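Here is query_18.txt, consisting of compact mmCIF, C-alpha atoms:
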# COMPACT_ATOMS: atom_id res chain seq x y z
CA MET A 1 0.00 0.00 0.00
CA SER A 2 1.46 3.32 -1.03
CA ASP A 3 2.27 6.08 1.41
CA GLU A 4 -0.64 8.54 1.23
CA SER A 5 1.55 11.41 2.43
CA THR A 6 3.68 11.23 -0.60
CA GLN A 7 0.74 11.35 -2.94
CA PRO A 8 -0.69 14.71 -4.03
CA LEU A 9 -4.00 15.49 -2.33
CA SER A 10 -7.13 16.22 -4.24
CA ARG A 11 -8.99 19.37 -3.39
CA ARG A 12 -11.68 17.42 -1.58
CA ALA A 13 -9.12 15.54 0.52
CA PHE A 14 -7.31 18.74 1.24
CA LEU A 15 -10.46 20.40 2.56
CA ARG A 16 -11.42 17.43 4.64
CA ARG A 17 -7.97 17.36 6.29
CA ALA A 18 -7.94 21.05 6.92
CA LEU A 19 -11.32 21.02 8.56
CA ALA A 20 -10.24 18.14 10.70
CA ALA A 21 -7.26 20.18 11.84
CA GLY A 22 -9.56 22.99 12.94
CA ALA A 23 -8.90 25.52 10.24
CA GLY A 24 -11.79 27.86 9.42
CA LEU A 25 -13.48 28.01 6.05
CA GLY A 26 -12.81 31.77 5.71
CA ALA A 27 -9.07 31.20 6.17
CA LEU A 28 -9.13 28.56 3.59
CA LEU A 29 -10.92 30.75 1.14
CA ALA A 30 -8.58 33.64 1.82
CA GLY A 31 -5.65 31.48 1.00
CA CYS A 32 -7.05 30.51 -2.31
CA THR A 33 -5.85 32.70 -5.23
CA PRO A 34 -8.76 33.49 -7.54
CA PRO A 35 -8.27 32.78 -11.20
CA ARG A 36 -6.97 35.81 -13.16
CA ALA A 37 -9.55 37.38 -15.52
CA LEU A 38 -8.46 37.61 -19.17
CA VAL A 39 -8.63 41.24 -20.26
CA LEU A 40 -8.12 41.91 -23.96
CA PRO A 41 -6.58 45.23 -24.89
CA PRO A 42 -8.75 47.48 -27.14
CA THR A 43 -8.11 47.31 -30.82
CA ALA A 44 -6.07 50.34 -31.81
CA ILE A 45 -8.01 52.67 -34.14
CA PRO A 46 -5.81 55.02 -36.17
CA ALA A 47 -6.48 58.69 -35.48
CA PRO A 48 -8.00 60.56 -38.46
CA THR A 49 -5.69 62.68 -40.52
CA ASP A 50 -6.20 66.33 -39.63
CA PRO A 51 -6.77 67.84 -42.13
CA PRO A 52 -7.90 65.02 -44.41
CA THR A 53 -5.48 64.21 -47.13
CA PRO A 54 -6.87 65.81 -50.29
CA ILE A 55 -7.39 63.82 -53.45
CA SER A 56 -4.65 64.60 -55.86
CA PRO A 57 -5.92 66.95 -58.61
CA THR A 58 -4.00 64.88 -61.09
CA ALA A 59 -5.94 61.80 -60.22
CA THR A 60 -7.95 60.51 -63.13
CA PRO A 61 -11.62 60.06 -62.20
CA ILE A 62 -13.07 56.67 -62.87
CA PRO A 63 -15.69 56.95 -65.57
CA PRO A 64 -19.10 55.53 -64.83
CA THR A 65 -19.75 52.15 -66.29
CA ALA A 66 -23.36 52.97 -67.22
CA THR A 67 -23.97 54.73 -70.57
CA ALA A 68 -26.20 57.80 -70.32
CA ILE A 69 -29.42 57.46 -72.32
CA PRO A 70 -30.43 60.70 -74.10
CA PRO A 71 -33.97 61.92 -73.45
CA THR A 72 -36.49 60.94 -76.08
CA ALA A 73 -38.48 64.22 -75.87
CA THR A 74 -37.66 66.83 -78.54
CA SER A 75 -36.82 70.24 -77.09
CA ILE A 76 -39.11 73.07 -78.20
CA PRO A 77 -37.31 76.23 -79.35
CA PRO A 78 -38.38 79.44 -77.63
CA THR A 79 -41.05 81.50 -79.38
CA PRO A 80 -39.48 84.68 -80.81
CA THR A 81 -40.79 87.97 -79.50
CA PRO A 82 -43.09 89.44 -82.15
CA VAL A 83 -41.89 92.68 -83.73
CA PRO A 84 -44.49 95.46 -83.39
CA PRO A 85 -45.90 96.68 -86.72
CA THR A 86 -44.87 99.95 -88.32
CA ARG A 87 -47.73 102.43 -87.91
CA PHE A 88 -48.33 105.45 -90.14
CA ALA A 89 -51.20 107.73 -91.14
CA VAL A 90 -52.30 108.98 -94.56
CA ILE A 91 -54.16 112.26 -95.08
CA GLY A 92 -55.20 113.93 -98.31
CA ASP A 93 -56.52 117.29 -99.54
CA PHE A 94 -56.23 118.44 -95.95
CA GLY A 95 -54.57 121.86 -96.02
CA LEU A 96 -57.41 124.20 -95.14
CA ALA A 97 -57.23 125.63 -91.63
CA GLY A 98 -60.41 125.08 -89.65
CA GLU A 99 -62.42 122.68 -87.56
CA PRO A 100 -62.44 119.70 -89.98
CA GLU A 101 -58.65 119.74 -90.32
CA GLN A 102 -58.23 120.18 -86.57
CA ALA A 103 -60.49 117.19 -85.88
CA VAL A 104 -58.66 115.00 -88.37
CA ALA A 105 -55.28 116.07 -86.95
CA ASP A 106 -56.47 115.17 -83.45
CA LEU A 107 -57.57 111.77 -84.75
CA VAL A 108 -54.19 111.18 -86.38
CA LYS A 109 -52.19 112.23 -83.33
CA GLY A 110 -54.29 109.95 -81.16
CA TRP A 111 -52.99 107.01 -83.19
CA GLN A 112 -49.40 107.99 -82.34
CA PRO A 113 -48.13 107.14 -85.83
CA GLU A 114 -44.44 106.96 -86.57
CA PHE A 115 -44.91 109.25 -89.56
CA VAL A 116 -47.53 110.87 -91.81
CA VAL A 117 -47.91 110.59 -95.60
CA THR A 118 -50.03 113.03 -97.62
CA THR A 119 -51.68 112.63 -101.00
CA GLY A 120 -51.35 116.31 -101.93
CA ASP A 121 -53.19 119.63 -101.79
CA ASN A 122 -51.37 120.52 -98.60
CA ASN A 123 -51.97 124.28 -98.83
CA TYR A 124 -55.29 125.77 -99.96
CA PRO A 125 -56.35 127.73 -101.86
CA GLY A 126 -53.31 128.68 -103.93
CA GLY A 127 -50.19 127.21 -102.32
CA THR A 128 -48.87 130.57 -101.10
CA ALA A 129 -46.15 131.18 -98.53
CA GLU A 130 -48.56 133.32 -96.48
CA THR A 131 -50.95 130.42 -95.82
CA ILE A 132 -48.68 127.40 -95.69
CA ASP A 133 -47.82 127.43 -91.97
CA ALA A 134 -51.41 128.01 -90.86
CA ASN A 135 -52.60 125.24 -93.16
CA ILE A 136 -49.89 122.69 -92.31
CA GLY A 137 -47.63 123.62 -89.42
CA GLN A 138 -50.48 124.66 -87.14
CA TYR A 139 -51.66 121.03 -87.05
CA TYR A 140 -48.67 118.86 -87.96
CA HIS A 141 -45.53 120.80 -86.89
CA ASP A 142 -44.48 118.08 -84.45
CA PHE A 143 -43.97 115.70 -87.40
CA ILE A 144 -41.90 118.16 -89.49
CA HIS A 145 -38.12 118.60 -89.44
CA PRO A 146 -36.69 121.11 -89.78
CA TYR A 147 -39.73 123.14 -88.82
CA VAL A 148 -39.46 126.84 -89.75
CA GLY A 149 -42.95 127.98 -88.73
CA GLY A 150 -44.38 129.62 -85.66
CA TYR A 151 -46.54 126.99 -83.96
CA GLY A 152 -44.07 125.36 -81.60
CA GLU A 153 -41.24 122.88 -81.74
CA GLY A 154 -40.79 120.63 -84.73
CA ALA A 155 -39.70 117.00 -84.82
CA THR A 156 -36.09 115.92 -84.23
CA THR A 157 -36.20 113.94 -87.49
CA ASN A 158 -38.61 114.45 -90.36
CA ARG A 159 -41.77 112.37 -90.03
CA PHE A 160 -43.95 114.20 -92.57
CA PHE A 161 -43.86 113.15 -96.24
CA PRO A 162 -46.11 115.05 -98.68
CA VAL A 163 -46.57 114.99 -102.44
CA LEU A 164 -47.47 117.98 -104.57
CA GLY A 165 -51.11 118.64 -105.43
CA ASN A 166 -52.55 120.95 -108.03
CA HIS A 167 -53.25 123.66 -105.41
CA ASP A 168 -49.63 123.46 -104.21
CA TRP A 169 -48.47 124.10 -107.77
CA GLN A 170 -50.42 127.33 -108.24
CA THR A 171 -47.79 129.64 -106.74
CA ALA A 172 -44.43 129.71 -108.54
CA GLY A 173 -44.63 126.07 -109.55
CA GLY A 174 -44.70 125.01 -105.89
CA GLN A 175 -41.84 127.16 -104.60
CA PRO A 176 -43.41 127.85 -101.16
CA TYR A 177 -43.75 124.07 -100.77
CA TYR A 178 -40.05 123.52 -101.58
CA ASP A 179 -39.05 126.27 -99.17
CA TYR A 180 -41.21 124.95 -96.34
CA PHE A 181 -40.22 121.27 -96.50
CA ALA A 182 -36.82 119.55 -96.60
CA LEU A 183 -37.45 116.47 -98.72
CA PRO A 184 -35.05 114.15 -100.55
CA GLY A 185 -33.65 115.02 -103.97
CA HIS A 186 -35.31 117.84 -105.87
CA GLU A 187 -38.49 117.31 -103.78
CA ARG A 188 -40.92 117.02 -106.70
CA TYR A 189 -40.65 113.23 -106.61
CA TYR A 190 -38.53 111.15 -104.28
CA THR A 191 -38.35 107.91 -102.30
CA PHE A 192 -37.90 107.06 -98.64
CA SER A 193 -37.99 103.88 -96.55
CA TRP A 194 -39.44 103.23 -93.12
CA GLY A 195 -39.68 99.84 -91.46
CA PRO A 196 -40.68 97.15 -93.96
CA ALA A 197 -41.95 99.65 -96.56
CA GLN A 198 -40.44 101.84 -99.25
CA PHE A 199 -42.49 104.76 -100.53
CA PHE A 200 -42.28 106.21 -104.04
CA MET A 201 -43.63 109.77 -103.95
CA LEU A 202 -44.50 111.03 -107.44
CA ASP A 203 -45.63 114.30 -109.02
CA SER A 204 -48.78 113.71 -111.06
CA MET A 205 -49.29 117.37 -111.97
CA PRO A 206 -49.39 118.24 -115.68
CA GLY A 207 -46.41 120.52 -116.13
CA GLU A 208 -44.00 118.30 -114.19
CA PRO A 209 -40.64 118.87 -115.98
CA ASP A 210 -39.83 115.16 -116.12
CA GLY A 211 -43.25 114.15 -117.42
CA ILE A 212 -46.32 112.33 -116.09
CA THR A 213 -46.79 109.52 -118.59
CA ALA A 214 -45.68 105.91 -118.27
CA ASP A 215 -42.80 106.51 -120.72
CA SER A 216 -41.55 109.74 -119.09
CA LEU A 217 -38.26 110.37 -117.29
CA GLN A 218 -40.13 110.35 -113.98
CA ALA A 219 -41.65 106.96 -114.83
CA ALA A 220 -38.25 105.58 -115.82
CA TRP A 221 -36.90 106.74 -112.47
CA VAL A 222 -39.61 105.05 -110.43
CA GLN A 223 -39.40 101.88 -112.52
CA GLN A 224 -35.69 101.61 -111.75
CA GLU A 225 -36.20 102.42 -108.05
CA LEU A 226 -38.88 99.76 -107.77
CA ARG A 227 -36.71 97.22 -109.54
CA VAL A 228 -33.79 97.57 -107.14
CA SER A 229 -35.87 97.88 -103.98
CA SER A 230 -35.67 94.99 -101.51
CA ALA A 231 -38.45 96.33 -99.27
CA PRO A 232 -41.24 93.84 -98.47
CA TRP A 233 -43.82 96.54 -99.26
CA LYS A 234 -43.52 99.02 -102.13
CA ILE A 235 -46.12 101.80 -101.98
CA VAL A 236 -46.62 104.46 -104.66
CA VAL A 237 -48.12 107.85 -103.70
CA PHE A 238 -49.28 110.75 -105.91
CA HIS A 239 -52.10 113.28 -106.03
CA HIS A 240 -54.32 112.68 -109.10
CA THR A 241 -56.16 109.40 -108.54
CA ALA A 242 -55.98 106.96 -111.44
CA PHE A 243 -59.32 105.30 -110.61
CA SER A 244 -62.15 107.33 -109.07
CA SER A 245 -65.94 107.31 -108.81
CA GLY A 246 -65.85 110.85 -107.43
CA HIS A 247 -66.51 114.32 -108.82
CA HIS A 248 -63.19 114.67 -110.68
CA GLY A 249 -63.22 111.13 -111.99
CA SER A 250 -60.16 109.13 -113.03
CA SER A 251 -56.86 110.73 -114.00
CA THR A 252 -56.07 108.11 -116.58
CA TRP A 253 -52.58 109.46 -117.34
CA MET A 254 -51.45 107.98 -114.02
CA ARG A 255 -52.36 104.42 -114.93
CA TRP A 256 -48.77 103.28 -115.08
CA PRO A 257 -47.90 99.55 -114.89
CA PHE A 258 -46.96 99.79 -111.22
CA ALA A 259 -47.70 96.14 -110.46
CA GLU A 260 -45.49 95.00 -113.33
CA TRP A 261 -42.72 97.22 -111.97
CA GLY A 262 -43.03 95.69 -108.48
CA ALA A 263 -45.43 97.89 -106.46
CA GLN A 264 -48.26 96.44 -104.38
CA LEU A 265 -50.32 99.51 -103.48
CA VAL A 266 -51.17 103.01 -104.80
CA LEU A 267 -52.38 105.95 -102.69
CA ALA A 268 -53.83 109.14 -104.21
CA GLY A 269 -56.19 112.03 -103.49
CA HIS A 270 -57.61 114.90 -105.61
CA ASP A 271 -61.23 113.73 -105.28
CA HIS A 272 -62.38 114.69 -101.78
CA THR A 273 -63.77 111.26 -101.08
CA TYR A 274 -62.56 107.89 -99.83
CA GLU A 275 -62.58 104.95 -102.21
CA ARG A 276 -61.01 101.52 -102.52
CA VAL A 277 -60.68 100.21 -106.07
CA VAL A 278 -59.28 96.75 -106.73
CA THR A 279 -58.17 95.91 -110.27
CA PRO A 280 -56.77 92.55 -111.38
CA GLU A 281 -53.27 93.99 -110.96
CA MET A 282 -53.38 96.47 -108.10
CA VAL A 283 -55.20 97.98 -105.09
CA TYR A 284 -55.84 101.75 -105.39
CA PHE A 285 -56.96 104.01 -102.55
CA THR A 286 -58.36 107.51 -102.99
CA ASN A 287 -57.93 109.45 -99.74
CA GLY A 288 -59.02 113.10 -99.99
CA LEU A 289 -61.08 113.81 -96.86
CA GLY A 290 -58.39 115.39 -94.68
CA GLY A 291 -59.93 118.85 -94.30
CA GLY A 292 -61.00 120.36 -97.62
CA ALA A 293 -64.63 120.60 -98.71
CA ARG A 294 -66.14 117.17 -99.37
CA TYR A 295 -67.16 116.21 -102.93
CA ALA A 296 -70.26 114.54 -104.30
CA PRO A 297 -70.02 111.24 -106.17
CA GLY A 298 -69.43 111.29 -109.89
CA GLU A 299 -71.88 110.23 -112.51
CA GLU A 300 -70.96 106.55 -112.39
CA THR A 301 -69.23 104.05 -110.14
CA ILE A 302 -65.99 102.83 -111.62
CA LEU A 303 -65.42 99.13 -112.25
CA GLY A 304 -63.59 97.56 -109.30
CA SER A 305 -64.87 100.05 -106.71
CA GLU A 306 -65.46 98.14 -103.48
CA VAL A 307 -65.96 101.01 -100.99
CA PHE A 308 -66.96 104.63 -101.63
CA PHE A 309 -67.49 107.20 -98.87
CA ASN A 310 -67.93 110.99 -98.72
CA ARG A 311 -70.12 111.71 -95.68
CA ASP A 312 -67.42 112.93 -93.27
CA HIS A 313 -63.77 113.88 -92.98
CA GLY A 314 -61.22 111.36 -91.82
CA ALA A 315 -57.83 109.71 -92.25
CA GLN A 316 -56.32 106.36 -92.98
CA LEU A 317 -54.31 104.29 -90.51
CA PHE A 318 -51.80 101.67 -91.66
CA GLU A 319 -50.06 98.96 -89.65
CA ILE A 320 -47.53 96.85 -91.55
CA THR A 321 -45.16 93.99 -90.85
CA PRO A 322 -42.91 92.31 -93.43
CA ASP A 323 -45.71 89.85 -94.27
CA ARG A 324 -48.95 91.72 -93.62
CA LEU A 325 -50.56 95.10 -94.25
CA ASP A 326 -53.68 96.29 -92.39
CA THR A 327 -55.44 99.58 -93.06
CA GLN A 328 -58.58 101.35 -91.92
CA PHE A 329 -60.26 104.56 -92.96
CA VAL A 330 -61.68 106.24 -89.86
CA THR A 331 -63.83 109.37 -89.64
CA ARG A 332 -63.07 112.26 -87.28
CA ALA A 333 -65.95 110.89 -85.15
CA GLY A 334 -64.13 107.57 -84.81
CA VAL A 335 -66.33 105.57 -87.20
CA VAL A 336 -64.44 102.85 -89.10
CA VAL A 337 -65.61 103.12 -92.71
CA ASP A 338 -63.36 100.50 -94.28
CA SER A 339 -60.88 97.85 -93.15
CA TYR A 340 -58.60 96.04 -95.55
CA THR A 341 -55.82 93.48 -95.17
CA MET A 342 -53.15 92.35 -97.61
CA GLN A 343 -50.77 89.42 -97.23
CA ARG A 344 -47.45 89.81 -99.00
CA ARG A 345 -46.89 87.38 -101.83
CA SER A 346 -43.62 85.46 -101.63
Would you write out, as structure tokens, the structure that this file holds?
Amino acid sequence: MSDESTQPLSRRAFLRRALAAGAGLGALLAGCTPPRALVLPPTAIPAPTDPPTPISPTATPIPPTATAIPPTATSIPPTPTPVPPTRFAVIGDFGLAGEPEQAVADLVKGWQPEFVVTTGDNNYPGGTAETIDANIGQYYHDFIHPYVGGYGEGATTNRFFPVLGNHDWQTAGGQPYYDYFALPGHERYYTFSWGPAQFFMLDSMPGEPDGITADSLQAAWVQQELRVSSAPWKIVVFHHTAFSSGHHGSSTWMRWPFAEWGAQLVLAGHDHTYERVVTPEMVYFTNGLGGGARYAPGEETILGSEVFFNRDHGAQLFEITPDRLDTQFVTRAGVVVDSYTMQRRS
């Protein structure tokens, strides 16, 4: 049998022996070393870089792997801002100071036109220097440049474009007219442009030095001017109306081939009426109700006459764009007698 003292004691045997020897349980427990707890050190987290390291500007970005798909909707171009029309007024046989001319001038100024065109007889009764300012400048000085009369300030640029009438011719072949106005060229006939229109202002008076027939020097001039014009609208103006159902009737010597030469519209006066005549080639307006005494109709209505009016004074308003022309004849009381529209042919 082996010696028990030389053998290692189990924990149970050790406790039993110690208790038998009188040792207390607390002493025993105090002498026991508790097992050491396993404490793991925290994982070291690297401190953030302060400041952060910037991405090198030379670094090449990685392109996306997805291909962008273009939108299927078609973009709509912006709508262009419309250009306002050019607005002008036409008066005829107006130059007689008094209430009718004043009322027509007030009507015209109320439209705020860019300029005024006349169809002649600007200065009744005889075209003299003594009456011209009272008959014209008194009512229209703010359209005239340079203005040399006594009724106030004139315009800064000329906005008044007359043609000679038979009454203007009666004094010195129209010399007071030439002295009063500053018009292009020799002033008897001339051209000017404004907006989308070019105007061809002719002298229809018998006695015109360059002639009044379709084969005259004046006609050759206007034919050439019309040929080279690039204006969308080409408007011819003179005094003696070529087609009229009024008291004077037609001045047939002014039936020139304007349409063949490139014009689209003719304005005239002489008969103190308003009339629109449409021929197969051309539209003709008679506008002679600007202030002089009104005339009775003639003995017959001319072929092609679509509107005839003589019951009151008035003026004609035009509004034009490169593609469209609108006009109205309006009385001094504000009554619209006629409205007419033309579309430009391409």
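Distances here use only C-alpha atoms; by that measure, the residue among A:Arg332, A:His239, A:Arg87, A:Arg159 closest to Leu267 in chain A is A:His239.
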For range 143-149 of chain A, list every protein, DNA or RNA residue within 9 Å, evaluated using all atoms listed in the file, and leave out those in the same chain fewer than 2 positions away; present the list as a PyMOL selection string. chain A and resi 114-116+133-134+137-138+140-141+151-161+180-182
Create the file for the chosen residues now, containing C-alpha atoms and written as an mmCIF file, in the frame of the given file.
data_model
loop_
_atom_site.group_PDB
_atom_site.id
_atom_site.type_symbol
_atom_site.label_atom_id
_atom_site.label_comp_id
_atom_site.auth_asym_id
_atom_site.auth_seq_id
_atom_site.Cartn_x
_atom_site.Cartn_y
_atom_site.Cartn_z
ATOM 1 C CA GLU A 114 -44.440 106.960 -86.570
ATOM 2 C CA PHE A 115 -44.910 109.250 -89.560
ATOM 3 C CA VAL A 116 -47.530 110.870 -91.810
ATOM 4 C CA ASP A 133 -47.820 127.430 -91.970
ATOM 5 C CA ALA A 134 -51.410 128.010 -90.860
ATOM 6 C CA GLY A 137 -47.630 123.620 -89.420
ATOM 7 C CA GLN A 138 -50.480 124.660 -87.140
ATOM 8 C CA TYR A 140 -48.670 118.860 -87.960
ATOM 9 C CA HIS A 141 -45.530 120.800 -86.890
ATOM 10 C CA TYR A 151 -46.540 126.990 -83.960
ATOM 11 C CA GLY A 152 -44.070 125.360 -81.600
ATOM 12 C CA GLU A 153 -41.240 122.880 -81.740
ATOM 13 C CA GLY A 154 -40.790 120.630 -84.730
ATOM 14 C CA ALA A 155 -39.700 117.000 -84.820
ATOM 15 C CA THR A 156 -36.090 115.920 -84.230
ATOM 16 C CA THR A 157 -36.200 113.940 -87.490
ATOM 17 C CA ASN A 158 -38.610 114.450 -90.360
ATOM 18 C CA ARG A 159 -41.770 112.370 -90.030
ATOM 19 C CA PHE A 160 -43.950 114.200 -92.570
ATOM 20 C CA PHE A 161 -43.860 113.150 -96.240
ATOM 21 C CA TYR A 180 -41.210 124.950 -96.340
ATOM 22 C CA PHE A 181 -40.220 121.270 -96.500
ATOM 23 C CA ALA A 182 -36.820 119.550 -96.600
#
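With all atoms listed in the file as the atoms that count, the minimum distance from Ala103 in chain A to the choices A:Phe318, A:Gly291, A:Trp261, A:Arg188 is reached by A:Gly291.
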Among the residues A:Gly314, A:Pro85, A:Gly292, A:Pro322, the one that comes closest to Gly334 in chain A [using only C-alpha atoms]: A:Gly314
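Look at Tyr189 in chain A: the protein and nucleic acid residues within 7 Å of it, using all atoms listed in the file and passing over chain neighbours fewer than 5 places away, are Met201, Leu202 and Asp203 of chain A.
Across the model, the gap from CA of Val330 in chain A to CA of Phe199 in chain A is 22.0 Å.
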Rounded to one decimal in Å, what is the spacing between CA of Ile212 in chain A and CA of Met254 in chain A? 7.0 Å
Set the distance at 7 Å and use all atoms listed in the file: which residues neighbour Gln170 in chain A once local chain neighbours fewer than 4 positions away are removed? I'd like the list as a PDB file with C-alpha atoms, keeping the file's coordinate frame.
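Listing of result-v4.pdb after writing:
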ATOM      1  CA  GLY A 126     -53.310 128.680-103.930  1.00  0.00           C
ATOM      2  CA  GLY A 127     -50.190 127.210-102.320  1.00  0.00           C
ATOM      3  CA  ASN A 166     -52.550 120.950-108.030  1.00  0.00           C
ATOM      4  CA  GLY A 174     -44.700 125.010-105.890  1.00  0.00           C
TER       5      GLY A 174
END
Choose the residue, out of A:Pro100, A:Pro78, A:Pro113, A:Gly185, that has the smallest atom-to-atom separation from Thr331 in chain A; count only C-alpha atoms. A:Pro100
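Taking only C-alpha atoms into account, those protein, DNA and RNA residues with any atom at most 6 Å away from (-51.4, 97.9, -93.7) amount to Phe318, Glu319, Ile320, Leu325, Asp326 and Thr327 of chain A.
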Min atom-atom distance to Ala268 in chain A from the set A:Thr118, A:Ser339, A:Ser245, A:Thr252, counting only C-alpha atoms, belongs to A:Thr118
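When CA of Val283 in chain A is paired with CA of Val104 in chain A, their separation reads 24.1 Å.
Taking all atoms listed in the file into account, Asp338 in chain A lies nearest to A:Leu317 out of the set A:Val163, A:Ala97, A:Ile136, A:Leu317.
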Please provide as a PyMOL selection string all residues within 7 Å of Ile91 in chain A, with the sequence filter that same-chain residues fewer than 2 positions apart are discarded (counting all atoms listed in the file). chain A and resi 89+94+117-119+287-288+290+315-316
Which polymer residues have any atom within 8 Å of an atom of Trp253 in chain A, counting only C-alpha atoms, with same-chain residues fewer than 2 positions away left out, as a ChimeraX atom specification? /A:212-214,242,251,255-256
Once you count all atoms listed in the file, which residues end up no further than 9 Å from (-45.4, 104.7, -102.0) in the file's frame, shown as number ranges by chain? A: 191-192, 197-202, 233-238, 263, 265-267
If the box runs along x, y and z of the file and leaves 5 Å on each side of range 277-280 of chain A, what are its centre and edge lengths in Å, one decimal, as AutoDock Vina command-line options?
--center_x -58.7 --center_y 96.4 --center_z -108.7 --size_x 13.9 --size_y 17.7 --size_z 15.3
